[in-house]
Structure formats: structure tokens, C-alpha cells
>>> print(open('structure39.tsv').read())   # TSV, C-alpha atoms
chain	number	residue	atom	x	y	z
V	1	MET	CA	167.94	100.45	57.44
V	2	PHE	CA	166.84	101.54	53.94
V	3	SER	CA	168.62	104.89	54.32
V	4	TYR	CA	171.85	102.88	54.62
V	5	LEU	CA	170.96	100.46	51.81
V	6	PHE	CA	169.95	103.33	49.56
V	7	THR	CA	172.34	104.75	46.94
V	8	ALA	CA	171.48	108.13	45.43
V	9	ASN	CA	172.41	107.45	41.81
V	10	GLN	CA	170.35	107.36	38.63
V	11	GLN	CA	169.80	103.61	38.42
V	12	ASN	CA	166.86	101.32	39.15
V	13	TYR	CA	166.97	100.16	42.74
V	14	VAL	CA	165.02	97.69	44.87
V	15	ALA	CA	165.87	96.42	48.34
V	16	SER	CA	164.31	94.71	51.34
V	17	PRO	CA	165.49	96.09	54.70
V	18	VAL	CA	163.51	93.33	56.44
V	19	SER	CA	165.57	90.63	54.72
V	20	VAL	CA	168.85	92.12	55.99
V	21	LEU	CA	167.51	92.51	59.54
V	22	MET	CA	166.28	88.90	59.56
V	23	LEU	CA	169.69	87.64	58.47
V	24	LEU	CA	171.57	89.66	61.11
V	25	SER	CA	169.07	88.72	63.82
V	26	ALA	CA	169.33	85.01	62.96
V	27	LEU	CA	173.12	85.16	63.23
V	28	LEU	CA	173.02	87.13	66.48
V	29	GLY	CA	170.16	85.16	68.02
V	30	ALA	CA	172.05	81.90	67.51
V	31	LYS	CA	174.91	83.49	69.48
V	32	GLY	CA	177.40	83.14	66.64
V	33	PRO	CA	179.07	86.55	67.07
V	34	GLN	CA	180.86	87.21	70.35
V	35	GLY	CA	182.54	90.16	72.05
V	36	GLU	CA	182.96	93.38	70.09
V	37	THR	CA	181.66	91.72	66.91
V	38	ALA	CA	178.36	91.04	68.69
V	39	ASP	CA	178.31	94.56	70.16
V	40	GLN	CA	178.57	96.13	66.71
V	41	LEU	CA	175.73	93.97	65.36
V	42	CYS	CA	173.52	94.81	68.35
V	43	GLN	CA	174.19	98.51	67.94
V	44	ALA	CA	173.42	98.42	64.22
V	45	ILE	CA	170.12	96.59	64.74
V	46	LYS	CA	168.96	98.65	67.72
V	47	GLY	CA	170.43	101.96	66.57
V	48	ASN	CA	172.21	102.74	69.84
V	49	THR	CA	175.57	102.21	71.54
V	50	ASP	CA	174.50	99.61	74.13
V	51	LYS	CA	176.75	96.65	74.85
V	52	CYS	CA	175.46	93.32	73.58
V	53	SER	CA	174.30	91.75	76.83
V	54	ALA	CA	172.40	88.47	76.95
V	55	SER	CA	169.18	90.38	77.56
V	56	VAL	CA	169.76	92.62	74.52
V	57	VAL	CA	170.41	89.58	72.30
V	58	ALA	CA	167.26	87.93	73.64
V	59	GLU	CA	165.23	91.08	72.93
V	60	ILE	CA	166.54	91.29	69.34
V	61	HIS	CA	165.85	87.61	68.76
V	62	GLN	CA	162.35	87.83	70.24
V	63	ASN	CA	161.52	90.89	68.13
V	64	ALA	CA	162.75	89.13	64.99
V	65	GLU	CA	160.71	86.01	65.79
V	66	LYS	CA	157.63	88.14	66.49
V	67	THR	CA	158.05	90.00	63.20
V	68	MET	CA	158.54	86.70	61.39
V	69	ARG	CA	155.37	85.23	62.92
V	70	GLN	CA	153.34	88.33	62.09
V	71	LEU	CA	154.49	88.28	58.49
V	72	THR	CA	154.27	84.56	57.80
V	73	THR	CA	150.76	84.18	59.27
V	74	ALA	CA	149.27	86.84	56.98
V	75	ARG	CA	146.95	85.18	54.44
V	76	SER	CA	145.62	86.21	51.07
V	77	VAL	CA	141.94	87.21	51.17
V	78	ALA	CA	141.44	86.08	47.57
V	79	GLU	CA	143.23	82.76	48.21
V	80	PRO	CA	142.93	81.93	51.95
V	81	THR	CA	145.39	79.03	51.70
V	82	GLU	CA	148.04	81.26	50.12
V	83	LYS	CA	150.53	83.07	52.36
V	84	VAL	CA	151.15	86.71	51.48
V	85	VAL	CA	154.71	86.64	52.86
V	86	ARG	CA	157.15	83.75	53.07
V	87	ILE	CA	160.43	83.96	54.99
V	88	ALA	CA	163.23	81.41	55.11
V	89	ASN	CA	166.72	81.21	56.61
V	90	ALA	CA	169.42	78.74	55.63
V	91	ALA	CA	172.96	78.00	56.75
V	92	PHE	CA	174.96	76.03	54.20
V	93	VAL	CA	177.98	74.56	55.97
V	94	GLN	CA	181.11	72.90	54.57
V	95	LYS	CA	180.46	69.19	55.07
V	96	ASP	CA	183.47	68.51	57.31
V	97	LEU	CA	183.08	71.60	59.53
V	98	MET	CA	181.71	70.82	62.99
V	99	LEU	CA	179.35	73.45	64.39
V	100	LYS	CA	178.69	74.07	68.05
V	101	SER	CA	175.52	72.28	69.11
V	102	SER	CA	174.33	75.47	70.82
V	103	PHE	CA	174.52	77.38	67.52
V	104	GLU	CA	172.71	74.60	65.63
V	105	SER	CA	169.86	74.35	68.13
V	106	GLU	CA	169.37	78.12	68.41
V	107	PHE	CA	169.48	78.68	64.65
V	108	GLU	CA	167.00	75.92	63.85
V	109	LYS	CA	164.58	76.39	66.73
V	110	ASP	CA	162.06	78.35	64.66
V	111	ASN	CA	160.23	76.67	61.79
V	112	VAL	CA	161.79	78.70	58.98
V	113	SER	CA	165.53	78.08	59.51
V	114	THR	CA	167.55	75.09	58.34
V	115	ILE	CA	171.20	73.98	58.36
V	116	ALA	CA	172.48	71.91	55.44
V	117	LYS	CA	175.88	70.32	54.85
V	118	ILE	CA	177.43	71.02	51.46
V	119	ASP	CA	180.76	70.60	49.69
V	120	PHE	CA	181.71	74.12	48.60
V	121	LEU	CA	184.65	72.65	46.66
V	122	SER	CA	182.23	70.82	44.37
V	123	PRO	CA	181.42	72.54	41.06
V	124	GLU	CA	177.76	71.69	41.78
V	125	ALA	CA	177.62	73.64	45.09
V	126	TYR	CA	176.33	76.83	43.50
V	127	LYS	CA	173.43	74.89	41.95
V	128	THR	CA	172.39	73.61	45.38
V	129	VAL	CA	172.29	77.15	46.76
V	130	ASN	CA	170.45	78.46	43.69
V	131	ALA	CA	167.84	75.69	44.03
V	132	TRP	CA	167.09	76.84	47.60
V	133	VAL	CA	166.81	80.45	46.41
V	134	ASN	CA	164.48	79.49	43.56
V	135	ARG	CA	162.25	77.42	45.83
V	136	THR	CA	161.94	79.97	48.65
V	137	THR	CA	161.24	82.92	46.34
V	138	GLY	CA	158.53	81.17	44.37
V	139	GLY	CA	160.76	81.11	41.29
V	140	LEU	CA	161.05	84.92	41.15
V	141	ILE	CA	164.80	84.76	41.82
V	142	ASN	CA	166.26	81.84	39.90
V	143	GLU	CA	169.84	82.24	40.99
V	144	ILE	CA	172.26	84.38	42.96
V	145	PHE	CA	175.35	82.64	41.58
V	146	LYS	CA	176.01	82.30	37.84
V	147	SER	CA	178.88	79.80	38.02
V	148	PRO	CA	181.04	77.78	40.46
V	149	ASN	CA	183.58	80.62	40.39
V	150	ASP	CA	181.11	82.95	42.13
V	151	ILE	CA	181.66	81.03	45.38
V	152	SER	CA	185.12	81.37	46.89
V	153	LYS	CA	186.95	78.08	47.43
V	154	ASP	CA	187.72	79.31	50.97
V	155	VAL	CA	184.06	79.48	52.01
V	156	LEU	CA	183.19	77.33	55.02
V	157	MET	CA	179.69	78.62	55.70
V	158	MET	CA	177.01	80.61	53.89
V	159	LEU	CA	174.02	82.25	55.59
V	160	LEU	CA	170.97	83.16	53.53
V	161	ASN	CA	167.63	84.80	54.20
V	162	SER	CA	164.82	85.05	51.67
V	163	VAL	CA	161.65	87.16	51.81
V	164	TYR	CA	158.89	86.57	49.25
V	165	PHE	CA	155.73	88.69	48.85
V	166	LYS	CA	152.72	88.05	46.62
V	167	GLY	CA	149.72	90.33	46.88
V	168	GLN	CA	146.61	90.78	44.75
V	169	PHE	CA	145.18	94.26	44.53
V	170	LYS	CA	142.01	94.69	46.57
V	171	SER	CA	138.71	93.54	45.06
V	172	ARG	CA	135.94	95.98	44.36
V	173	LEU	CA	132.44	95.55	42.97
V	174	ARG	CA	132.01	96.21	39.24
V	175	GLY	CA	128.43	95.42	38.24
V	176	ASN	CA	127.85	91.90	39.51
V	177	GLU	CA	131.52	90.90	39.44
V	178	TRP	CA	134.36	91.45	41.85
V	179	GLN	CA	137.28	93.07	40.08
V	180	THR	CA	140.58	92.18	41.77
V	181	HIS	CA	142.93	94.17	39.59
V	182	PHE	CA	143.46	96.78	36.93
V	183	LEU	CA	141.41	95.88	33.87
V	184	ARG	CA	143.63	94.33	31.21
V	185	ALA	CA	141.58	96.17	28.59
V	186	LYS	CA	142.88	99.41	30.05
V	187	VAL	CA	146.55	98.52	29.58
V	188	LYS	CA	147.79	100.75	26.78
V	189	ASP	CA	151.09	101.88	25.32
V	190	ARG	CA	152.14	105.20	26.80
V	191	THR	CA	155.29	107.29	27.00
V	192	PHE	CA	157.52	107.09	30.07
V	193	ARG	CA	160.09	109.86	30.47
V	194	THR	CA	163.47	108.84	31.89
V	195	LEU	CA	165.99	111.53	32.83
V	196	SER	CA	167.71	111.25	29.45
V	197	SER	CA	165.11	110.04	26.96
V	198	GLU	CA	161.59	108.74	26.38
V	199	LYS	CA	160.37	105.16	25.93
V	200	THR	CA	157.09	103.38	25.32
V	201	VAL	CA	155.80	101.24	28.19
V	202	LYS	CA	152.67	99.24	28.96
V	203	MET	CA	150.68	101.59	31.18
V	204	MET	CA	147.84	100.38	33.43
V	205	ARG	CA	144.95	102.75	34.17
V	206	GLU	CA	142.27	102.74	36.84
V	207	ASN	CA	139.79	105.35	38.09
V	208	GLU	CA	138.99	104.72	41.75
V	209	TYR	CA	138.96	106.02	45.31
V	210	ILE	CA	142.35	105.38	46.92
V	211	LEU	CA	144.47	107.03	49.60
V	212	TYR	CA	146.20	110.21	48.46
V	213	TYR	CA	148.62	112.62	50.13
V	214	SER	CA	150.61	115.60	48.88
V	215	ASP	CA	153.38	117.61	50.56
V	216	GLU	CA	154.38	120.66	48.54
V	217	VAL	CA	157.04	121.71	51.07
V	218	ARG	CA	158.98	118.45	50.87
V	219	GLY	CA	158.16	118.05	47.21
V	220	PHE	CA	156.29	114.75	46.91
V	221	LYS	CA	152.85	113.25	46.45
V	222	LEU	CA	151.73	109.67	46.89
V	223	VAL	CA	148.92	107.20	46.45
V	224	ALA	CA	148.45	103.98	48.43
V	225	LYS	CA	146.60	101.14	46.71
V	226	PRO	CA	145.47	98.32	49.06
V	227	PHE	CA	146.03	94.63	48.46
V	228	SER	CA	143.28	92.07	49.11
V	229	ASN	CA	144.82	91.66	52.57
V	230	GLU	CA	144.47	95.31	53.57
V	231	ARG	CA	147.33	95.06	56.02
V	232	PHE	CA	149.57	95.63	52.99
V	233	GLN	CA	149.58	98.57	50.58
V	234	PHE	CA	151.36	99.38	47.35
V	235	VAL	CA	152.60	102.95	47.73
V	236	VAL	CA	153.66	105.04	44.73
V	237	ILE	CA	155.57	108.28	45.36
V	238	LEU	CA	156.14	110.99	42.75
V	239	PRO	CA	157.97	114.33	42.95
V	240	THR	CA	155.58	117.29	42.81
V	241	GLU	CA	157.93	118.98	40.34
V	242	ASP	CA	158.35	117.28	36.99
V	243	LEU	CA	161.35	114.90	36.81
V	244	LYS	CA	162.79	116.17	40.13
V	245	ILE	CA	163.71	112.69	41.37
V	246	GLU	CA	166.73	114.12	43.22
V	247	LYS	CA	164.34	115.59	45.81
V	248	LEU	CA	162.97	112.13	46.53
V	249	ASN	CA	166.52	110.75	46.61
V	250	ALA	CA	167.33	113.22	49.39
V	251	LEU	CA	164.18	112.33	51.35
V	252	PHE	CA	164.94	108.62	51.28
V	253	LYS	CA	168.63	109.09	52.01
V	254	GLU	CA	167.78	110.90	55.25
V	255	GLY	CA	164.98	108.44	56.06
V	256	PHE	CA	161.46	108.78	54.66
V	257	ASP	CA	158.71	109.57	57.19
V	258	TRP	CA	156.19	106.77	56.63
V	259	THR	CA	153.80	108.22	59.23
V	260	VAL	CA	152.51	110.52	56.46
V	261	LEU	CA	150.41	107.54	55.32
V	262	LYS	CA	148.24	108.16	58.38
V	263	LYS	CA	147.51	111.63	57.01
V	264	ALA	CA	146.44	110.33	53.60
V	265	SER	CA	142.74	110.53	52.75
V	266	GLU	CA	140.56	108.81	50.15
V	267	LYS	CA	140.21	110.65	46.90
V	268	ARG	CA	139.01	109.74	43.43
V	269	ILE	CA	142.21	109.23	41.44
V	270	GLU	CA	142.76	108.32	37.82
V	271	LEU	CA	145.94	106.29	38.27
V	272	PHE	CA	148.30	105.56	35.39
V	273	LEU	CA	150.96	103.06	36.47
V	274	PRO	CA	153.46	101.19	34.29
V	275	ARG	CA	153.74	97.42	34.33
V	276	PHE	CA	157.33	96.77	35.25
V	277	LYS	CA	159.92	94.43	36.66
V	278	LEU	CA	163.06	95.44	38.58
V	279	GLU	CA	166.04	93.32	39.56
V	280	HIS	CA	168.93	94.59	41.66
V	281	GLU	CA	171.94	93.28	43.57
V	282	VAL	CA	173.34	95.20	46.55
V	283	ASP	CA	176.77	94.72	48.11
V	284	LEU	CA	175.91	94.71	51.83
V	285	VAL	CA	179.50	95.02	53.09
V	286	PRO	CA	179.86	98.83	52.69
V	287	THR	CA	176.25	99.25	53.86
V	288	LEU	CA	176.83	97.36	57.11
V	289	GLN	CA	180.24	98.94	57.63
V	290	SER	CA	178.60	102.38	57.42
V	291	MET	CA	176.26	101.19	60.21
V	292	GLY	CA	179.26	100.38	62.40
V	293	VAL	CA	179.47	96.63	61.65
V	294	ARG	CA	183.20	96.43	60.90
V	295	ASN	CA	184.76	93.55	62.84
V	296	LEU	CA	182.49	91.01	61.14
V	297	PHE	CA	184.32	91.60	57.85
V	298	SER	CA	187.85	91.82	59.27
V	299	LYS	CA	190.07	88.75	59.08
V	300	GLY	CA	191.91	89.72	62.24
V	301	LEU	CA	189.05	91.12	64.32
V	302	ALA	CA	185.94	89.01	63.61
V	303	ASP	CA	184.82	86.89	66.55
V	304	LEU	CA	182.40	84.20	65.39
V	305	SER	CA	183.56	81.68	67.97
V	306	GLY	CA	179.94	80.95	68.88
V	307	ILE	CA	179.57	79.08	65.57
V	308	THR	CA	182.56	76.73	65.66
V	309	THR	CA	185.91	76.21	67.37
V	310	GLU	CA	187.44	74.42	64.37
V	311	ALA	CA	188.17	77.60	62.38
V	312	MET	CA	188.38	81.33	62.94
V	313	LEU	CA	185.65	82.66	60.67
V	314	TYR	CA	184.97	86.07	59.20
V	315	VAL	CA	182.45	87.30	56.63
V	316	GLY	CA	184.16	87.65	53.26
V	317	ALA	CA	181.10	88.66	51.24
V	318	ALA	CA	177.54	89.80	51.87
V	319	LYS	CA	174.93	90.79	49.32
V	320	GLN	CA	171.22	91.10	48.66
V	321	ASN	CA	169.44	90.15	45.45
V	322	ALA	CA	165.96	91.64	45.12
V	323	ILE	CA	163.22	91.65	42.51
V	324	LEU	CA	159.90	93.51	42.20
V	325	GLU	CA	157.20	92.76	39.63
V	326	VAL	CA	154.06	94.89	39.20
V	327	THR	CA	151.23	93.83	36.86
V	328	GLU	CA	147.43	94.21	36.56
V	329	THR	CA	146.75	91.49	39.11
V	330	GLY	CA	149.08	92.73	41.82
V	331	VAL	CA	152.66	92.66	43.02
V	332	LYS	CA	155.27	89.96	43.45
V	333	ALA	CA	158.53	90.71	45.22
V	334	ALA	CA	161.41	88.71	46.60
V	335	ALA	CA	164.80	89.31	48.19
V	336	VAL	CA	167.66	87.07	49.22
V	337	SER	CA	170.37	88.32	51.58
V	338	SER	CA	173.50	86.21	51.85
V	339	MET	CA	176.79	86.10	53.72
V	340	GLN	CA	179.79	83.98	52.84
V	341	MET	CA	181.97	83.07	55.82
V	342	MET	CA	185.59	82.25	55.26
V	343	PRO	CA	188.49	81.09	57.39
V	344	MET	CA	190.91	83.74	58.55
V	345	SER	CA	192.48	83.04	56.03
V	346	LEU	CA	133.94	104.95	33.16
V	347	ARG	CA	132.91	106.80	36.13
V	348	PRO	CA	133.49	110.41	37.04
V	349	LYS	CA	137.05	111.38	36.26
V	350	GLY	CA	139.45	111.36	39.16
V	351	GLU	CA	142.45	113.61	39.69
V	352	PRO	CA	145.20	112.34	37.37
V	353	PHE	CA	148.15	110.62	39.05
V	354	ILE	CA	150.30	109.82	36.03
V	355	VAL	CA	153.39	107.76	36.75
V	356	ASP	CA	155.24	108.58	33.54
V	357	GLN	CA	158.53	109.68	35.10
V	358	PRO	CA	161.05	108.27	37.64
V	359	PHE	CA	159.34	107.38	40.93
V	360	PHE	CA	159.62	105.48	44.19
V	361	CYS	CA	157.30	102.67	45.26
V	362	ALA	CA	156.97	100.35	48.24
V	363	VAL	CA	155.18	97.30	49.55
V	364	TYR	CA	154.18	98.69	52.95
V	365	ASP	CA	153.08	96.74	56.03
V	366	ILE	CA	150.58	98.82	58.03
V	367	ASP	CA	150.81	96.62	61.15
V	368	LEU	CA	154.62	96.71	61.37
V	369	MET	CA	154.75	100.28	60.00
V	370	LEU	CA	157.63	99.55	57.66
V	371	PRO	CA	158.27	98.82	53.98
V	372	LEU	CA	158.97	95.17	53.19
V	373	PHE	CA	160.32	96.23	49.80
V	374	LEU	CA	161.24	99.68	48.55
V	375	ALA	CA	162.22	100.58	45.01
V	376	ARG	CA	163.28	103.49	42.87
V	377	VAL	CA	162.14	103.11	39.27
V	378	MET	CA	164.24	105.16	36.87
V	379	ASP	CA	163.69	103.03	33.77
V	380	PRO	CA	160.85	100.45	34.04
V	381	GLN	CA	161.71	97.13	32.44
V	382	PRO	CA	158.98	95.01	30.81
V	383	VAL	CA	157.47	92.07	32.69
>>> encode(input="structure39.tsv", output="C-alpha cells")
Amino acid sequence: MFSYLFTANQQNYVASPVSVLMLLSALLGAKGPQGETADQLCQAIKGNTDKCSASVVAEIHQNAEKTMRQLTTARSVAEPTEKVVRIANAAFVQKDLMLKSSFESEFEKDNVSTIAKIDFLSPEAYKTVNAWVNRTTGGLINEIFKSPNDISKDVLMMLLNSVYFKGQFKSRLRGNEWQTHFLRAKVKDRTFRTLSSEKTVKMMRENEYILYYSDEVRGFKLVAKPFSNERFQFVVILPTEDLKIEKLNALFKEGFDWTVLKKASEKRIELFLPRFKLEHEVDLVPTLQSMGVRNLFSKGLADLSGITTEAMLYVGAAKQNAILEVTETGVKAAAVSSMQMMPMSLRPKGEPFIVDQPFFCAVYDIDLMLPLFLARVMDPQPV
């Protein structure tokens, strides 16, 4: 999924493939899409050309529910009552549009999905949606709409999925105290080299044993720093040649091989990592169209008759807003994917790993063997 979401330009980029898959699976699992529209969604999710039979839909829905359970039951080791990952789905529906009861019951049958009536014609509608986004992302994403004009007056239904991650870096013993993060005293100003200039950033430093892997042939090296819940890792990937980010762009465009993490071994590393915050918005329409999902966005071809019989719906807009924040204590990340439906109408020195140039990073789930969030940092912005 990320290879489709990814754009090989020279800008900061952060995306959550999981968020998009959850949104598509929720729509498909509730049997909203029918016919060829459903077939195209099935094929995009499964990566094959199978027809969208009832058994295939059930399999996709079950896999999505299993993934959701696995993610939302993960707890913080440092704060046992705190969830590491939060996921939420919402369907905002025009107040006078009647939905099929079958769609309503299927969509809301898990404990993370809700349907809410709303008046999209009201100038306050965008605030209602933004409030949901703010609440489900722990305040990381305050809004996805800036004004009432950002929501088309023709919208009858809006589907949203949010994924929120908060992880503390793993504790380790320092004297008689457990240290859960980079030492703040070791945060210093240091130069970061972009492709066109240099800038001063707050750089964190730590000297520790962490997972390390290098591949000279494919031109990258990485470190993987565990969170307190060791199921999750923060992976930082650098090109082996100075400032050769285009080599990493090519690797991620074709699909990065995450199994290399199994080949990584512990090594004493002196890690220099900038504190940074990234925000990015992705237009999902061309992404999904490139995956073969075309009818969904076509006014004449979309078949969403499983949602309602009162209007012929199609998806007029789809986007993802994502944010990633890395500090001494750990990582916070959030993403919201949305679709607007419209009527057809001091120790020994370690080997230096200095992140002072454009790089890739990921919040990686070892159990699911996939990145929850993946980012390209060309120009780190201050937290």
C-alpha cells in the first residue's frame, strides 16, 4: 500500500497505509459497494484479480477486525492503562438520508465504528467533523477542514478512519534509575543538511546497544530503537552514500523489504537523531485509482447501493492527513483517512549513526510485520 501512497519528490512525507486499509475494509465489510465497484476494492486490498464473492468480503472484514483487535489491545509498558494504538471509524451522514439497516448494523458491529447524523449544509458541520478528528487523534490533528467551504454542499456522507500511536522509548537501567528516553541534557544544536542548504536543528544523542543493519548493495543502513512495548520499533533508514536520498526513494517506490529487520543485530551505536514534527496531506483518489479502484470515483459507474436506495452515491473526494512527532520521550503519530460521498450528481563510544541528512523512518509493528506510519524527512520541522 505504501508504494502506491508514496510520491518520489523532494518534500517531507508521512502516511499510514493501515489507516487507508481500515477505511476501505470498513466500507467493504458493511457491504456498501456492490458489483464491479466491490470487485475493484477487493482486488486492491487483496492484491489479486479475484471477484468479490461473499466469502472474500468476509475474509477481508475478518482480517481487518483481527488487525484492529491486535492493535487496540496493545498496552504501554510504562503506563499499563494507556493504549499504544487507538483506531476509530466514523460515518457522518446527511441528517435526512436514510441508510439501509444492513449497512448500519454491519458498520457499527465492532466497538470502534459509529454513525452520526449531521447537516452538511450547516456552516458548523466542518467543526463537528474536526472535533471528532481532534478527539480520536489525541489532539495531534486538530482539523482536516479549515472552513465550511472545504466540504462540498453536495456531500451526503463522509467516512473517516483515524489511527493514533503513542510510544515511549524502551527503558534501560542508568545507575539506580530507569531511563525511558534520550537524555534531555544531550539535546544540542547541530547542523542538518537538506538537499539545497543547511539548517540548525535540535539533535538528540544516545550511546546504546540497538538493532543495526547495513546493505551496501541496495545502498541503505538502518537502526531500530524499541519502544517500551517491544512489539513496536522506531526504525530510521539512511542512505549509505551521503545525501543519496533518491536511492531510498526508489527502494520505497518498488516496495521496501521489511524482512531485513530480522537480519539486524545488536550493536553499540552512538545515535544522533533530530527532534522533529511532520504534517502531510495526501490525495487518495489518484493513489486508489492507480490500484485499480476506479468505479468508486465515477459518477456514472459507482455502485454504492448497499448503503442507501435514496440516492446514487459516488466518492467525490478522499484524502489522508497524517502527523509524526519525535522527541526525547518517544513518538506520537496520527492519521485520518476520509472519503466524501456525493450524489451522482558516557560509556564506550558506539559506531556513529548521524541522522543529519534526509532520511526515512517508520513506526513498525513486529507482530503484524508492517509499518503503521512511514515518513520521509527532507527538512525536519521543530516540535
>>> closest_residue(input="structure39.tsv", among="V:Val133, V:Leu273, V:Leu222, V:Val93", to="Phe120 in chain V", atoms="all atoms listed in the file")
V:Val93
>>> axis_aligned_box(input="structure39.tsv", around="range 319-334 of chain V", padding_each_side="3 Å", output="JSON")
{"center_x": 160.8, "center_y": 91.8, "center_z": 42.9, "size_x": 34.2, "size_y": 12.2, "size_z": 18.8}
>>> residues_around(input="structure39.tsv", residues="range 211-221 of chain V", least_positions_apart="3", cutoff="10 Å", atoms="all atoms listed in the file", output="PyMOL selection string")
chain V and resi 208+224-226+233+235-241+244-245+247-248+250-251+260-269+353+359
>>> atom_distance(input="structure39.tsv", atom1="CA of Leu27 in chain V", atom2="CA of Thr287 in chain V")
17.2 Å
>>> residues_near_point(input="structure39.tsv", point="(170.8, 92.3, 72.7)", cutoff="10 Å", atoms="all atoms listed in the file", output="list in words")
Ser25, Leu28, Gly29, Ala38, Asp39, Leu41, Cys42, Gln43, Ile45, Lys46, Asp50, Lys51, Cys52, Ser53, Ala54, Ser55, Val56, Val57, Ala58, Glu59, Ile60, His61 and Gln62 of chain V
>>> atom_distance(input="structure39.tsv", atom1="CA of Asn161 in chain V", atom2="CA of Ile144 in chain V")
12.2 Å
>>> closest_residue(input="structure39.tsv", among="V:Asp119, V:Glu198, V:Asp189, V:Glu310", to="Asp379 in chain V", atoms="all atoms listed in the file")
V:Glu198
>>> closest_residue(input="structure39.tsv", among="V:Ala317, V:Ile354, V:Met157, V:Val163", to="Glu206 in chain V", atoms="all atoms listed in the file")
V:Ile354
>>> residues_around(input="structure39.tsv", residues="Lys202 in chain V", least_positions_apart="4", cutoff="12 Å", atoms="only C-alpha atoms", output="list in words")
Arg184, Ala185, Lys186, Val187, Lys188, Asp189, Arg190, Thr191, Phe192, Phe272, Leu273, Pro274, Arg275, Phe276, Lys277, Val326, Thr327, Glu328, Val355, Asp356, Pro380, Gln381, Pro382 and Val383 of chain V
>>> write_last_selection(input="structure39.tsv", atoms="C-alpha atoms", output="PDB file, in the coordinates of the input")
ATOM      1  CA  ARG V 184     143.630  94.330  31.210  1.00  0.00           C
ATOM      2  CA  ALA V 185     141.580  96.170  28.590  1.00  0.00           C
ATOM      3  CA  LYS V 186     142.880  99.410  30.050  1.00  0.00           C
ATOM      4  CA  VAL V 187     146.550  98.520  29.580  1.00  0.00           C
ATOM      5  CA  LYS V 188     147.790 100.750  26.780  1.00  0.00           C
ATOM      6  CA  ASP V 189     151.090 101.880  25.320  1.00  0.00           C
ATOM      7  CA  ARG V 190     152.140 105.200  26.800  1.00  0.00           C
ATOM      8  CA  THR V 191     155.290 107.290  27.000  1.00  0.00           C
ATOM      9  CA  PHE V 192     157.520 107.090  30.070  1.00  0.00           C
ATOM     10  CA  PHE V 272     148.300 105.560  35.390  1.00  0.00           C
ATOM     11  CA  LEU V 273     150.960 103.060  36.470  1.00  0.00           C
ATOM     12  CA  PRO V 274     153.460 101.190  34.290  1.00  0.00           C
ATOM     13  CA  ARG V 275     153.740  97.420  34.330  1.00  0.00           C
ATOM     14  CA  PHE V 276     157.330  96.770  35.250  1.00  0.00           C
ATOM     15  CA  LYS V 277     159.920  94.430  36.660  1.00  0.00           C
ATOM     16  CA  VAL V 326     154.060  94.890  39.200  1.00  0.00           C
ATOM     17  CA  THR V 327     151.230  93.830  36.860  1.00  0.00           C
ATOM     18  CA  GLU V 328     147.430  94.210  36.560  1.00  0.00           C
ATOM     19  CA  VAL V 355     153.390 107.760  36.750  1.00  0.00           C
ATOM     20  CA  ASP V 356     155.240 108.580  33.540  1.00  0.00           C
ATOM     21  CA  PRO V 380     160.850 100.450  34.040  1.00  0.00           C
ATOM     22  CA  GLN V 381     161.710  97.130  32.440  1.00  0.00           C
ATOM     23  CA  PRO V 382     158.980  95.010  30.810  1.00  0.00           C
ATOM     24  CA  VAL V 383     157.470  92.070  32.690  1.00  0.00           C
TER      25      VAL V 383
END
>>> atom_distance(input="structure39.tsv", atom1="CA of Met291 in chain V", atom2="CA of Ala333 in chain V")
25.5 Å
>>> closest_residue(input="structure39.tsv", among="V:Asn111, V:Gln11, V:Thr137, V:Ser228", to="Met68 in chain V", atoms="only C-alpha atoms")
V:Asn111
>>> residues_around(input="structure39.tsv", residues="Arg75 in chain V", least_positions_apart="4", cutoff="12 Å", atoms="all atoms listed in the file", output="PDB file with C-alpha atoms, in the coordinates of the input")
ATOM      1  CA  ARG V  69     155.370  85.230  62.920  1.00  0.00           C
ATOM      2  CA  GLN V  70     153.340  88.330  62.090  1.00  0.00           C
ATOM      3  CA  LEU V  71     154.490  88.280  58.490  1.00  0.00           C
ATOM      4  CA  GLU V  79     143.230  82.760  48.210  1.00  0.00           C
ATOM      5  CA  PRO V  80     142.930  81.930  51.950  1.00  0.00           C
ATOM      6  CA  THR V  81     145.390  79.030  51.700  1.00  0.00           C
ATOM      7  CA  GLU V  82     148.040  81.260  50.120  1.00  0.00           C
ATOM      8  CA  LYS V  83     150.530  83.070  52.360  1.00  0.00           C
ATOM      9  CA  VAL V  84     151.150  86.710  51.480  1.00  0.00           C
ATOM     10  CA  VAL V  85     154.710  86.640  52.860  1.00  0.00           C
ATOM     11  CA  ARG V  86     157.150  83.750  53.070  1.00  0.00           C
ATOM     12  CA  PHE V 165     155.730  88.690  48.850  1.00  0.00           C
ATOM     13  CA  LYS V 166     152.720  88.050  46.620  1.00  0.00           C
ATOM     14  CA  GLY V 167     149.720  90.330  46.880  1.00  0.00           C
ATOM     15  CA  GLN V 168     146.610  90.780  44.750  1.00  0.00           C
ATOM     16  CA  PHE V 227     146.030  94.630  48.460  1.00  0.00           C
ATOM     17  CA  SER V 228     143.280  92.070  49.110  1.00  0.00           C
ATOM     18  CA  ASN V 229     144.820  91.660  52.570  1.00  0.00           C
ATOM     19  CA  GLU V 230     144.470  95.310  53.570  1.00  0.00           C
ATOM     20  CA  ARG V 231     147.330  95.060  56.020  1.00  0.00           C
ATOM     21  CA  PHE V 232     149.570  95.630  52.990  1.00  0.00           C
TER      22      PHE V 232
END
>>> closest_residue(input="structure39.tsv", among="V:Arg193, V:Lys100, V:Lys170, V:Lys95", to="Gly32 in chain V", atoms="only C-alpha atoms")
V:Lys100
>>> residues_near_point(input="structure39.tsv", point="(166.8, 76.2, 59.6)", cutoff="9 Å", atoms="all atoms listed in the file", output="VMD selection string")
chain V and resid 88 to 91 104 107 to 116
>>> closest_residue(input="structure39.tsv", among="V:Leu23, V:Ala125, V:Ile210, V:Ala375", to="Pro358 in chain V", atoms="only C-alpha atoms")
V:Ala375
